[in-house]
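As stored in query-v9.csv (CSV, C-alpha atoms):
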chain,number,residue,atom,x,y,z
U,1,MET,CA,-30.8,198.2,196.2
U,2,THR,CA,-27.8,196.5,194.6
U,3,ASP,CA,-25.2,194.6,196.6
U,4,THR,CA,-21.7,195.7,195.5
U,5,ASN,CA,-19.8,193.0,197.5
U,6,LEU,CA,-19.3,190.8,194.6
U,7,VAL,CA,-17.0,187.8,194.1
U,8,PRO,CA,-15.2,187.1,190.8
U,9,GLY,CA,-17.5,185.9,188.2
U,10,ASN,CA,-20.6,187.3,189.8
U,11,THR,CA,-23.1,189.7,188.2
U,12,THR,CA,-25.4,192.3,189.8
U,13,ARG,CA,-29.1,192.5,189.5
U,14,ASP,CA,-31.9,194.6,190.8
U,15,ALA,CA,-33.3,192.7,193.8
U,16,SER,CA,-36.8,193.9,192.9
U,17,THR,CA,-36.8,191.5,190.0
U,18,THR,CA,-37.0,188.6,192.4
U,19,ASP,CA,-40.4,189.5,193.9
U,20,LEU,CA,-41.6,186.0,193.1
U,21,LYS,CA,-43.7,185.6,196.2
U,22,GLU,CA,-46.0,188.4,197.3
U,23,GLY,CA,-44.4,190.7,199.8
U,24,HIS,CA,-41.0,189.0,199.4
U,25,THR,CA,-37.9,190.5,197.9
U,26,SER,CA,-34.6,188.8,197.6
U,27,PRO,CA,-31.8,190.5,199.7
U,28,ILE,CA,-29.2,188.8,197.5
U,29,ALA,CA,-27.9,190.5,194.3
U,30,THR,CA,-25.1,188.1,193.3
U,31,ARG,CA,-24.6,184.9,191.4
U,32,GLY,CA,-22.5,181.9,192.2
U,33,ARG,CA,-18.9,181.5,191.1
U,34,MET,CA,-17.9,180.5,187.6
U,35,GLY,CA,-15.3,177.8,187.1
U,36,LYS,CA,-13.7,175.3,184.8
U,37,ILE,CA,-12.7,171.6,185.2
U,38,ALA,CA,-10.2,170.4,182.6
U,39,GLY,CA,-9.2,166.8,182.2
U,40,VAL,CA,-12.5,165.1,183.1
U,41,GLN,CA,-15.0,163.2,180.9
U,42,ILE,CA,-18.2,161.2,181.2
U,43,ALA,CA,-17.1,157.7,180.3
U,44,GLY,CA,-20.5,156.1,180.6
U,45,ILE,CA,-24.2,156.8,181.2
U,46,GLY,CA,-26.9,154.4,182.5
U,47,THR,CA,-30.5,154.9,183.7
U,48,TYR,CA,-33.3,153.0,185.2
U,49,VAL,CA,-37.0,153.7,185.5
U,50,PRO,CA,-39.6,151.6,187.2
U,51,GLU,CA,-41.8,149.3,185.1
U,52,LYS,CA,-45.2,150.9,186.1
U,53,ILE,CA,-46.3,153.5,183.6
U,54,VAL,CA,-48.9,156.0,185.0
U,55,THR,CA,-50.7,157.9,182.3
U,56,ASN,CA,-52.6,161.2,182.8
U,57,GLU,CA,-55.8,159.2,182.3
U,58,ASP,CA,-54.8,156.9,185.2
U,59,LEU,CA,-54.7,160.0,187.4
U,60,ALA,CA,-58.3,161.0,186.5
U,61,ALA,CA,-59.6,159.2,189.6
U,62,LEU,CA,-57.6,161.6,191.8
U,63,GLY,CA,-59.3,164.5,190.1
U,64,CYS,CA,-56.5,165.4,187.7
U,65,ASP,CA,-57.4,166.7,184.3
U,66,SER,CA,-55.3,165.1,181.5
U,67,GLU,CA,-55.7,167.9,179.0
U,68,TRP,CA,-54.7,170.5,181.7
U,69,ILE,CA,-51.6,168.5,182.5
U,70,ILE,CA,-50.5,168.3,178.9
U,71,ARG,CA,-51.3,172.0,178.1
U,72,ARG,CA,-49.6,173.3,181.2
U,73,THR,CA,-46.6,171.0,181.4
U,74,GLY,CA,-46.3,168.7,178.3
U,75,ILE,CA,-46.3,165.6,180.5
U,76,LYS,CA,-48.3,162.6,179.3
U,77,GLU,CA,-47.1,159.8,181.5
U,78,ARG,CA,-44.6,159.1,184.3
U,79,ARG,CA,-43.1,156.0,186.1
U,80,HIS,CA,-44.0,155.0,189.7
U,81,ALA,CA,-41.9,152.7,191.8
U,82,ALA,CA,-43.2,149.4,193.1
U,83,PRO,CA,-44.2,149.4,196.8
U,84,ASP,CA,-41.1,147.4,197.7
U,85,GLN,CA,-38.7,149.6,195.8
U,86,VAL,CA,-36.6,152.4,197.5
U,87,THR,CA,-34.3,155.1,196.1
U,88,SER,CA,-31.2,153.0,196.5
U,89,ASP,CA,-32.8,150.2,194.4
U,90,LEU,CA,-33.3,152.5,191.5
U,91,ALA,CA,-29.8,153.9,192.0
U,92,TYR,CA,-28.3,150.4,192.0
U,93,GLU,CA,-29.9,149.4,188.7
U,94,ALA,CA,-28.7,152.7,187.0
U,95,ALA,CA,-25.2,152.2,188.4
U,96,LEU,CA,-25.0,148.7,187.0
U,97,LYS,CA,-25.9,149.9,183.5
U,98,THR,CA,-23.4,152.8,183.9
U,99,LEU,CA,-20.6,150.5,184.8
U,100,LYS,CA,-21.3,148.3,181.8
U,101,SER,CA,-21.5,151.4,179.5
U,102,ALA,CA,-18.1,152.6,180.7
U,103,GLY,CA,-16.5,149.1,180.7
U,104,ARG,CA,-15.8,149.4,184.4
U,105,THR,CA,-16.3,147.2,187.5
U,106,ALA,CA,-17.5,148.1,190.9
U,107,ASP,CA,-14.1,147.5,192.4
U,108,GLU,CA,-12.6,150.2,190.1
U,109,VAL,CA,-15.0,152.9,191.5
U,110,ASP,CA,-13.1,155.1,194.0
U,111,LEU,CA,-15.8,157.6,194.7
U,112,ILE,CA,-19.6,157.5,194.9
U,113,ILE,CA,-21.9,160.5,195.1
U,114,VAL,CA,-25.6,160.2,195.1
U,115,ALA,CA,-27.8,163.2,194.5
U,116,THR,CA,-31.3,162.7,196.0
U,117,MET,CA,-34.0,164.5,197.9
U,118,THR,CA,-35.8,161.2,198.7
U,119,PRO,CA,-33.2,159.2,200.6
U,120,ASP,CA,-33.9,155.7,201.9
U,121,HIS,CA,-33.5,157.1,205.4
U,122,PRO,CA,-32.5,160.5,206.8
U,123,SER,CA,-29.4,158.7,207.9
U,124,PRO,CA,-27.2,157.0,206.8
U,125,SER,CA,-26.7,158.2,203.3
U,126,THR,CA,-28.3,156.5,200.3
U,127,ALA,CA,-24.8,156.4,198.8
U,128,CYS,CA,-23.7,154.1,201.6
U,129,TYR,CA,-26.6,151.7,200.8
U,130,LEU,CA,-25.6,151.8,197.2
U,131,GLN,CA,-21.9,151.2,197.9
U,132,GLY,CA,-22.7,148.2,200.1
U,133,ARG,CA,-24.9,146.6,197.5
U,134,LEU,CA,-22.3,147.2,194.7
U,135,GLY,CA,-19.6,145.6,196.9
U,136,SER,CA,-17.5,148.7,196.5
U,137,VAL,CA,-15.0,150.0,199.1
U,138,ALA,CA,-15.2,153.6,197.7
U,139,PRO,CA,-16.1,156.6,200.0
U,140,ALA,CA,-19.7,157.4,199.5
U,141,MET,CA,-21.8,160.4,200.3
U,142,ASP,CA,-25.1,162.1,199.4
U,143,VAL,CA,-25.7,165.5,197.9
U,144,SER,CA,-28.9,167.3,198.6
U,145,ALA,CA,-29.7,169.9,195.9
U,146,ALA,CA,-33.1,168.6,194.8
U,147,CYS,CA,-33.6,168.9,191.0
U,148,ALA,CA,-30.2,170.6,190.7
U,149,GLY,CA,-28.7,167.6,192.5
U,150,PHE,CA,-27.1,165.8,189.5
U,151,MET,CA,-25.3,169.0,188.5
U,152,TYR,CA,-24.0,169.6,192.0
U,153,ALA,CA,-22.9,165.9,192.3
U,154,MET,CA,-21.3,165.8,188.9
U,155,LEU,CA,-19.3,169.0,189.4
U,156,THR,CA,-18.2,167.9,192.9
U,157,ALA,CA,-17.0,164.5,191.5
U,158,GLY,CA,-15.3,166.4,188.6
U,159,GLN,CA,-13.1,168.3,191.1
U,160,PHE,CA,-11.9,165.0,192.6
U,161,VAL,CA,-11.1,163.6,189.2
U,162,ALA,CA,-9.4,166.7,187.9
U,163,THR,CA,-7.1,166.9,190.9
U,164,GLY,CA,-6.1,163.3,190.7
U,165,ASN,CA,-8.0,162.2,193.8
U,166,SER,CA,-10.4,160.0,191.8
U,167,LYS,CA,-9.8,157.9,188.8
U,168,CYS,CA,-13.3,156.5,188.5
U,169,ALA,CA,-16.2,158.4,190.1
U,170,LEU,CA,-19.7,157.1,190.1
U,171,VAL,CA,-22.3,159.9,190.1
U,172,VAL,CA,-26.0,159.0,190.6
U,173,GLY,CA,-29.2,161.0,190.6
U,174,SER,CA,-32.1,159.0,192.0
U,175,ASP,CA,-35.5,160.1,193.3
U,176,LEU,CA,-38.8,158.6,194.2
U,177,MET,CA,-40.9,161.7,193.8
U,178,SER,CA,-44.2,159.8,193.7
U,179,ARG,CA,-43.8,159.3,197.5
U,180,SER,CA,-43.0,162.9,198.2
U,181,VAL,CA,-46.0,164.6,196.7
U,182,ASP,CA,-49.5,164.5,198.1
U,183,PRO,CA,-51.8,162.6,195.7
U,184,LYS,CA,-54.6,165.0,196.7
U,185,ASP,CA,-52.6,167.9,195.2
U,186,VAL,CA,-54.0,167.7,191.7
U,187,LYS,CA,-51.7,170.4,190.3
U,188,THR,CA,-48.5,169.1,191.7
U,189,PHE,CA,-48.8,165.3,192.0
U,190,PRO,CA,-49.0,164.8,188.2
U,191,LEU,CA,-45.8,166.6,187.5
U,192,PHE,CA,-43.4,164.1,189.1
U,193,GLY,CA,-42.2,160.6,188.4
U,194,ASP,CA,-39.6,158.2,189.7
U,195,GLY,CA,-36.3,157.3,188.1
U,196,ALA,CA,-32.5,157.1,188.4
U,197,GLY,CA,-29.6,158.1,186.2
U,198,ALA,CA,-25.9,157.7,186.6
U,199,ALA,CA,-22.6,158.6,185.1
U,200,ILE,CA,-19.0,157.5,185.4
U,201,LEU,CA,-16.4,160.3,185.4
U,202,THR,CA,-12.8,159.5,184.5
U,203,PRO,CA,-9.7,161.6,183.7
U,204,THR,CA,-8.8,162.7,180.2
U,205,GLU,CA,-6.1,164.8,178.7
U,206,LYS,CA,-6.0,168.2,180.3
U,207,THR,CA,-6.3,170.9,177.6
U,208,GLU,CA,-8.1,174.2,177.4
U,209,SER,CA,-10.7,172.6,175.1
U,210,SER,CA,-11.3,169.4,177.2
U,211,GLY,CA,-13.6,168.6,180.1
U,212,ILE,CA,-16.0,171.1,181.6
U,213,LEU,CA,-15.2,174.3,179.7
U,214,SER,CA,-17.2,176.5,182.0
U,215,TYR,CA,-19.7,176.0,184.8
U,216,GLN,CA,-21.8,178.0,187.3
U,217,LEU,CA,-23.2,176.7,190.6
U,218,CYS,CA,-25.7,179.0,192.3
U,219,SER,CA,-28.1,179.1,195.3
U,220,GLU,CA,-30.6,181.7,196.4
U,221,GLY,CA,-31.7,180.7,199.9
U,222,TRP,CA,-34.1,183.5,200.2
U,223,GLY,CA,-36.4,181.4,198.0
U,224,ALA,CA,-36.2,178.2,200.1
U,225,ASP,CA,-39.9,178.4,201.1
U,226,LEU,CA,-41.0,178.4,197.5
U,227,LEU,CA,-40.3,174.6,197.2
U,228,ARG,CA,-39.9,172.6,200.3
U,229,ILE,CA,-41.1,169.6,202.4
U,230,PRO,CA,-42.2,171.4,205.6
U,231,ALA,CA,-41.9,168.6,208.2
U,232,GLY,CA,-39.4,165.9,208.9
U,233,GLY,CA,-36.4,167.9,210.0
U,234,THR,CA,-35.2,169.8,213.1
U,235,ARG,CA,-37.2,172.9,212.1
U,236,ARG,CA,-40.5,171.0,212.1
U,237,GLN,CA,-40.5,167.4,213.4
U,238,LEU,CA,-42.9,164.9,211.8
U,239,THR,CA,-45.4,164.9,214.6
U,240,PRO,CA,-48.8,163.3,214.3
U,241,GLU,CA,-50.3,166.7,213.8
U,242,ALA,CA,-47.8,167.6,211.0
U,243,PHE,CA,-48.4,164.2,209.4
U,244,GLY,CA,-52.1,164.7,209.5
U,245,ASN,CA,-51.7,168.1,207.8
U,246,GLY,CA,-49.7,166.5,205.0
U,247,GLU,CA,-46.6,168.5,205.9
U,248,HIS,CA,-44.4,165.5,205.0
U,249,PHE,CA,-45.3,166.2,201.3
U,250,LEU,CA,-43.7,168.6,198.9
U,251,ALA,CA,-45.2,172.1,199.0
U,252,MET,CA,-44.6,174.3,195.9
U,253,ASP,CA,-45.4,177.8,194.9
U,254,GLY,CA,-45.7,176.8,191.3
U,255,ARG,CA,-46.1,180.4,189.9
U,256,GLY,CA,-43.1,181.7,191.9
U,257,VAL,CA,-40.9,178.8,190.9
U,258,PHE,CA,-41.9,179.1,187.2
U,259,LYS,CA,-41.0,182.8,187.1
U,260,TRP,CA,-37.7,182.2,188.9
U,261,ALA,CA,-36.7,179.3,186.7
U,262,VAL,CA,-37.4,181.1,183.4
U,263,ARG,CA,-35.2,184.0,184.6
U,264,VAL,CA,-32.2,182.1,186.0
U,265,ILE,CA,-32.0,179.6,183.2
U,266,ASP,CA,-31.5,182.3,180.6
U,267,GLU,CA,-29.1,184.3,182.7
U,268,SER,CA,-27.0,181.2,183.7
U,269,ILE,CA,-26.7,179.8,180.2
U,270,GLU,CA,-25.7,183.1,178.8
U,271,GLN,CA,-23.0,183.6,181.4
U,272,VAL,CA,-21.6,180.1,181.0
U,273,LEU,CA,-21.4,180.4,177.2
U,274,ALA,CA,-19.9,183.9,177.4
U,275,ASP,CA,-17.3,182.7,179.9
U,276,ALA,CA,-16.2,179.9,177.5
U,277,ASN,CA,-16.4,182.2,174.5
U,278,VAL,CA,-18.9,179.8,172.8
U,279,THR,CA,-22.0,180.7,170.9
U,280,ALA,CA,-25.3,178.8,171.0
U,281,ASP,CA,-24.8,177.9,167.4
U,282,GLU,CA,-21.7,175.8,168.3
U,283,LEU,CA,-23.7,173.6,170.7
U,284,LYS,CA,-24.6,170.1,169.6
U,285,LEU,CA,-27.1,169.5,172.3
U,286,VAL,CA,-28.7,171.4,175.2
U,287,VAL,CA,-30.0,169.3,178.2
U,288,MET,CA,-32.2,171.0,180.7
U,289,HIS,CA,-33.8,169.7,183.8
U,290,GLN,CA,-37.1,168.2,182.7
U,291,ALA,CA,-39.5,170.2,184.9
U,292,ASN,CA,-42.0,171.7,182.6
U,293,GLU,CA,-42.2,172.1,178.8
U,294,ARG,CA,-43.2,175.7,179.1
U,295,ILE,CA,-40.1,176.6,181.1
U,296,ILE,CA,-37.9,174.9,178.5
U,297,ASP,CA,-39.7,176.5,175.6
U,298,SER,CA,-39.3,179.9,177.2
U,299,ALA,CA,-35.5,179.3,177.6
U,300,VAL,CA,-35.2,178.2,174.0
U,301,ALA,CA,-37.0,181.3,172.8
U,302,GLY,CA,-35.1,183.7,175.1
U,303,LEU,CA,-31.7,182.3,174.2
U,304,LYS,CA,-32.6,181.9,170.5
U,305,LEU,CA,-31.6,178.2,170.6
U,306,ALA,CA,-32.3,176.0,167.7
U,307,PRO,CA,-35.3,173.8,169.0
U,308,GLU,CA,-33.8,170.7,167.4
U,309,LYS,CA,-30.8,171.0,169.8
U,310,VAL,CA,-32.9,170.8,172.9
U,311,LEU,CA,-33.9,167.2,173.7
U,312,MET,CA,-36.9,166.6,176.0
U,313,ASN,CA,-38.4,163.4,177.4
U,314,LEU,CA,-40.6,164.8,180.2
U,315,ASP,CA,-43.6,163.7,178.2
U,316,ARG,CA,-42.7,160.1,179.1
U,317,TYR,CA,-41.1,160.5,182.6
U,318,GLY,CA,-42.3,163.8,184.1
U,319,ASN,CA,-40.1,165.6,186.5
U,320,THR,CA,-37.7,162.9,188.0
U,321,SER,CA,-35.7,165.5,190.0
U,322,ALA,CA,-32.0,164.6,190.2
U,323,ALA,CA,-32.5,161.8,187.6
U,324,SER,CA,-33.8,164.0,184.8
U,325,ILE,CA,-30.5,165.1,183.2
U,326,PRO,CA,-28.9,161.7,182.9
U,327,LEU,CA,-32.2,160.3,181.6
U,328,VAL,CA,-32.0,162.8,178.7
U,329,LEU,CA,-28.3,162.1,178.1
U,330,ASP,CA,-29.0,158.4,177.9
U,331,ASP,CA,-31.7,159.1,175.3
U,332,ALA,CA,-29.3,161.3,173.4
U,333,ILE,CA,-26.7,158.6,173.2
U,334,ALA,CA,-29.2,156.0,172.2
U,335,GLN,CA,-30.4,158.3,169.4
U,336,GLY,CA,-26.8,158.9,168.2
U,337,ARG,CA,-27.1,162.6,169.0
U,338,LEU,CA,-23.8,162.9,171.0
U,339,GLU,CA,-20.3,162.0,169.8
U,340,ARG,CA,-16.9,162.6,171.3
U,341,GLY,CA,-15.8,166.1,170.8
U,342,ASP,CA,-19.4,167.6,170.7
U,343,LEU,CA,-20.3,170.5,172.9
U,344,VAL,CA,-23.2,169.8,175.2
U,345,LEU,CA,-24.7,172.2,177.7
U,346,LEU,CA,-26.4,170.9,180.9
U,347,CYS,CA,-28.6,173.0,183.2
U,348,GLY,CA,-30.4,171.8,186.4
U,349,PHE,CA,-32.5,173.9,188.7
U,350,GLY,CA,-34.7,173.3,191.7
U,351,ALA,CA,-35.4,173.7,195.4
U,352,GLY,CA,-33.0,175.7,197.5
U,353,LEU,CA,-33.3,177.6,195.3
U,354,SER,CA,-30.3,176.1,193.5
U,355,TRP,CA,-29.1,175.6,190.0
U,356,GLY,CA,-26.1,174.5,188.1
U,357,THR,CA,-25.1,175.0,184.5
U,358,ALA,CA,-22.1,173.4,182.7
U,359,LEU,CA,-20.7,173.4,179.2
U,360,MET,CA,-18.9,170.1,178.4
U,361,ARG,CA,-16.7,168.8,175.7
U,362,TRP,CA,-18.2,165.3,175.3
Here is the file; what I need is its structure written in the form of structure tokens.
Amino acid sequence: MTDTNLVPGNTTRDASTTDLKEGHTSPIATRGRMGKIAGVQIAGIGTYVPEKIVTNEDLAALGCDSEWIIRRTGIKERRHAAPDQVTSDLAYEAALKTLKSAGRTADEVDLIIVATMTPDHPSPSTACYLQGRLGSVAPAMDVSAACAGFMYAMLTAGQFVATGNSKCALVVGSDLMSRSVDPKDVKTFPLFGDGAGAAILTPTEKTESSGILSYQLCSEGWGADLLRIPAGGTRRQLTPEAFGNGEHFLAMDGRGVFKWAVRVIDESIEQVLADANVTADELKLVVMHQANERIIDSAVAGLKLAPEKVLMNLDRYGNTSAASIPLVLDDAIAQGRLERGDLVLLCGFGAGLSWGTALMRW
């Protein structure tokens, strides 16, 4: 069955293609809205990863198979935070580097948005802890969109900047995934690492060829159970029984998420490029959420992207959730692979199910 109640920019699909979980069919046949944000630029990027490197061999004691991890994901090592480090600590270090990169000071920041699925506390926001530590007086809030969080936060901040309601927005993706996954889950625990990445968004000249030339934000809530932390909210409190059952850890239907991600990445990137009338050949760089090498390779093949345009660092960091896209951007800048005027495509995807794709003029 196809839903004909579409909003502008949406496309239809056969709902039967979303049978990612046995016996489950998506009732939704639409995509999120397309948009553009002229007059905004990333003025600086900064990242931080904890010092502790955890190799695949280090996880052997947990029953994890190093060769299996590499073959199935491409991950060789990841970073784990120290016991006394929390999400806002990583965010703070990344924010300081970002401010230095952009030549800005904390008192110039007039908006702070932190994307995280591992907040310091359920309340208040991690962004408020970061704001206080920076000594800023900017309004601060969290965005919860899991691995798509940086895209959601960046595009939200971009709206503030483009409308003149922010002149210097600090966007941070920070997650301590090592504390959200059960170490006994030998197929999921090795996938994730800890890290933070941040960007400063500022105004630039508003032209048709500046800023975010096209973007798409999407969610498919029918797939929420594919990737979730069962307990700790109002639906399921963290009772002693729930804790004993490990329901405070991330639960993932890996096969279902893989099939979903491969499909939506290709569709979303194609739609964003078509909306901007840009071809894949014109892209300088493609930055995808660093979840799994096979997912990225599948997207590269399906979209006929030149492999050299797709930068990956998940072999060193694993899946750092909301931090992964800025971590790749920081690497790209350090390697001299991005210059002003280049076209870069960003794509994040994760729990919700949610994803966001954007084509930017750097």
Write out as a PyMOL selection string each polymer residue whose atoms come within 8 Å of range 139-143 of chain U, counting all atoms listed in the file; drop sequence neighbours fewer than 2 positions from it. chain U and resi 110-116+125-128+131+137+145+149+152-153
Under the rule that all atoms listed in the file are counted, which of U:Val310, U:Ile296, U:Leu283, U:Leu213 is the nearest residue to Ala261 in chain U?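 Ranking U:Val310, U:Ile296, U:Leu283, U:Leu213 by distance to Ala261 in chain U, first place goes to U:Ile296.
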Within 7 Å of Cys347 in chain U, counting all atoms listed in the file, which residues show up once you throw out same-chain ones fewer than 4 positions away? Write them as a list in words, please. Val287, Met288, His289, Gly356, Thr357 and Ala358 of chain U
Using C-alpha atoms, can you export the residues from the last selection as a CSV table (one decimal), in the coordinates of the input?
chain,number,residue,atom,x,y,z
U,287,VAL,CA,-30.0,169.3,178.2
U,288,MET,CA,-32.2,171.0,180.7
U,289,HIS,CA,-33.8,169.7,183.8
U,356,GLY,CA,-26.1,174.5,188.1
U,357,THR,CA,-25.1,175.0,184.5
U,358,ALA,CA,-22.1,173.4,182.7
Give me the residues near range 220-222 of chain U as a PDB file with C-alpha atoms, keeping the file's coordinate frame, where near means some atom within 7 Å (using only C-alpha atoms) and where sequence neighbours in that chain fewer than 2 positions away do not count.
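Saved file selection.pdb follows:
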ATOM      1  CA  SER U  26     -34.600 188.800 197.600  1.00  0.00           C
ATOM      2  CA  CYS U 218     -25.700 179.000 192.300  1.00  0.00           C
ATOM      3  CA  ALA U 224     -36.200 178.200 200.100  1.00  0.00           C
ATOM      4  CA  GLY U 352     -33.000 175.700 197.500  1.00  0.00           C
ATOM      5  CA  LEU U 353     -33.300 177.600 195.300  1.00  0.00           C
ATOM      6  CA  SER U 354     -30.300 176.100 193.500  1.00  0.00           C
TER       7      SER U 354
END
Taking a cut-off of 12 Å and counting only C-alpha atoms, can you build a table that, for each residue of range 143-227 of chain U near range 56-77 of chain U, reports the nearest atom pair and how far apart they are in Å (one decimal), sorted by chain then residue number, as a tab-separated table?
residue	atom	partner	partner_atom	distance
U:Asp182	CA	U:Leu62	CA	10.7
U:Pro183	CA	U:Leu62	CA	7.1
U:Lys184	CA	U:Leu62	CA	6.7
U:Asp185	CA	U:Leu62	CA	8.7
U:Val186	CA	U:Cys64	CA	5.2
U:Lys187	CA	U:Cys64	CA	7.4
U:Thr188	CA	U:Cys64	CA	9.7
U:Phe189	CA	U:Cys64	CA	8.8
U:Pro190	CA	U:Ile69	CA	7.3
U:Leu191	CA	U:Ile75	CA	7.1
U:Phe192	CA	U:Ile75	CA	9.2
U:Gly193	CA	U:Glu77	CA	8.5
U:Asp194	CA	U:Glu77	CA	11.2
File of the preceding selection, C-alpha atoms, as a CSV table (one decimal), in the frame of the given file:
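File written: out.csv
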chain,number,residue,atom,x,y,z
U,182,ASP,CA,-49.5,164.5,198.1
U,183,PRO,CA,-51.8,162.6,195.7
U,184,LYS,CA,-54.6,165.0,196.7
U,185,ASP,CA,-52.6,167.9,195.2
U,186,VAL,CA,-54.0,167.7,191.7
U,187,LYS,CA,-51.7,170.4,190.3
U,188,THR,CA,-48.5,169.1,191.7
U,189,PHE,CA,-48.8,165.3,192.0
U,190,PRO,CA,-49.0,164.8,188.2
U,191,LEU,CA,-45.8,166.6,187.5
U,192,PHE,CA,-43.4,164.1,189.1
U,193,GLY,CA,-42.2,160.6,188.4
U,194,ASP,CA,-39.6,158.2,189.7
Please provide as a count of residues only all residues within 9 Å of Gln216 in chain U, with the sequence filter that same-chain residues fewer than 4 positions apart are discarded (counting all atoms listed in the file). 14
List as a ChimeraX atom specification: which residues have an atom within 12 Å of (-9.8, 160.1, 192.1), counting all atoms listed in the file? /U:39-40,108-112,138-139,156-170,200-203
Using only C-alpha atoms, which residues sit within 8 Å of Ala299 in chain U once same-chain residues fewer than 2 positions away are excluded, as a PyMOL selection string? chain U and resi 262+265-266+295-297+301-303
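Pairwise distance (CA of Tyr92 in chain U, CA of Ile45 in chain U) equals 13.2 Å.
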Quote the spacing between CA of Arg361 in chain U and CA of Gly341 in chain U in Å to one decimal place.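 Computing it gives 5.7 Å between the two atoms.
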Mind filling out range 251-263 of chain U with N, CA, C and O atoms and sending it as a PDB file, in the frame of the given file?
ATOM      1  N   ALA U 251     -44.358 170.942 199.177  1.00  0.00           N
ATOM      2  CA  ALA U 251     -45.200 172.100 199.000  1.00  0.00           C
ATOM      3  C   ALA U 251     -44.514 173.054 198.024  1.00  0.00           C
ATOM      4  O   ALA U 251     -43.340 173.386 198.201  1.00  0.00           O
ATOM      5  N   MET U 252     -45.234 173.482 196.986  1.00  0.00           N
ATOM      6  CA  MET U 252     -44.600 174.300 195.900  1.00  0.00           C
ATOM      7  C   MET U 252     -45.463 175.482 195.565  1.00  0.00           C
ATOM      8  O   MET U 252     -46.669 175.359 195.356  1.00  0.00           O
ATOM      9  N   ASP U 253     -44.810 176.627 195.497  1.00  0.00           N
ATOM     10  CA  ASP U 253     -45.400 177.800 194.900  1.00  0.00           C
ATOM     11  C   ASP U 253     -45.121 177.772 193.431  1.00  0.00           C
ATOM     12  O   ASP U 253     -44.098 178.273 192.964  1.00  0.00           O
ATOM     13  N   GLY U 254     -46.006 177.108 192.690  1.00  0.00           N
ATOM     14  CA  GLY U 254     -45.700 176.800 191.300  1.00  0.00           C
ATOM     15  C   GLY U 254     -45.498 178.098 190.458  1.00  0.00           C
ATOM     16  O   GLY U 254     -44.588 178.131 189.622  1.00  0.00           O
ATOM     17  N   ARG U 255     -46.276 179.133 190.677  1.00  0.00           N
ATOM     18  CA  ARG U 255     -46.100 180.400 189.900  1.00  0.00           C
ATOM     19  C   ARG U 255     -44.771 181.024 190.203  1.00  0.00           C
ATOM     20  O   ARG U 255     -44.068 181.468 189.301  1.00  0.00           O
ATOM     21  N   GLY U 256     -44.416 181.077 191.490  1.00  0.00           N
ATOM     22  CA  GLY U 256     -43.100 181.700 191.900  1.00  0.00           C
ATOM     23  C   GLY U 256     -41.959 180.924 191.318  1.00  0.00           C
ATOM     24  O   GLY U 256     -40.998 181.516 190.813  1.00  0.00           O
ATOM     25  N   VAL U 257     -42.006 179.585 191.404  1.00  0.00           N
ATOM     26  CA  VAL U 257     -40.900 178.800 190.900  1.00  0.00           C
ATOM     27  C   VAL U 257     -40.779 178.915 189.382  1.00  0.00           C
ATOM     28  O   VAL U 257     -39.672 179.007 188.843  1.00  0.00           O
ATOM     29  N   PHE U 258     -41.904 178.964 188.694  1.00  0.00           N
ATOM     30  CA  PHE U 258     -41.900 179.100 187.200  1.00  0.00           C
ATOM     31  C   PHE U 258     -41.194 180.409 186.831  1.00  0.00           C
ATOM     32  O   PHE U 258     -40.307 180.427 185.969  1.00  0.00           O
ATOM     33  N   LYS U 259     -41.591 181.524 187.447  1.00  0.00           N
ATOM     34  CA  LYS U 259     -41.000 182.800 187.100  1.00  0.00           C
ATOM     35  C   LYS U 259     -39.507 182.849 187.421  1.00  0.00           C
ATOM     36  O   LYS U 259     -38.707 183.384 186.650  1.00  0.00           O
ATOM     37  N   TRP U 260     -39.138 182.275 188.545  1.00  0.00           N
ATOM     38  CA  TRP U 260     -37.700 182.200 188.900  1.00  0.00           C
ATOM     39  C   TRP U 260     -36.921 181.390 187.929  1.00  0.00           C
ATOM     40  O   TRP U 260     -35.860 181.810 187.454  1.00  0.00           O
ATOM     41  N   ALA U 261     -37.440 180.205 187.590  1.00  0.00           N
ATOM     42  CA  ALA U 261     -36.700 179.300 186.700  1.00  0.00           C
ATOM     43  C   ALA U 261     -36.483 179.913 185.330  1.00  0.00           C
ATOM     44  O   ALA U 261     -35.381 179.824 184.767  1.00  0.00           O
ATOM     45  N   VAL U 262     -37.516 180.519 184.771  1.00  0.00           N
ATOM     46  CA  VAL U 262     -37.400 181.100 183.400  1.00  0.00           C
ATOM     47  C   VAL U 262     -36.281 182.177 183.445  1.00  0.00           C
ATOM     48  O   VAL U 262     -35.486 182.274 182.506  1.00  0.00           O
ATOM     49  N   ARG U 263     -36.205 182.956 184.514  1.00  0.00           N
ATOM     50  CA  ARG U 263     -35.200 184.000 184.600  1.00  0.00           C
ATOM     51  C   ARG U 263     -33.787 183.453 184.737  1.00  0.00           C
ATOM     52  O   ARG U 263     -32.878 183.827 183.983  1.00  0.00           O
TER      53      ARG U 263
END
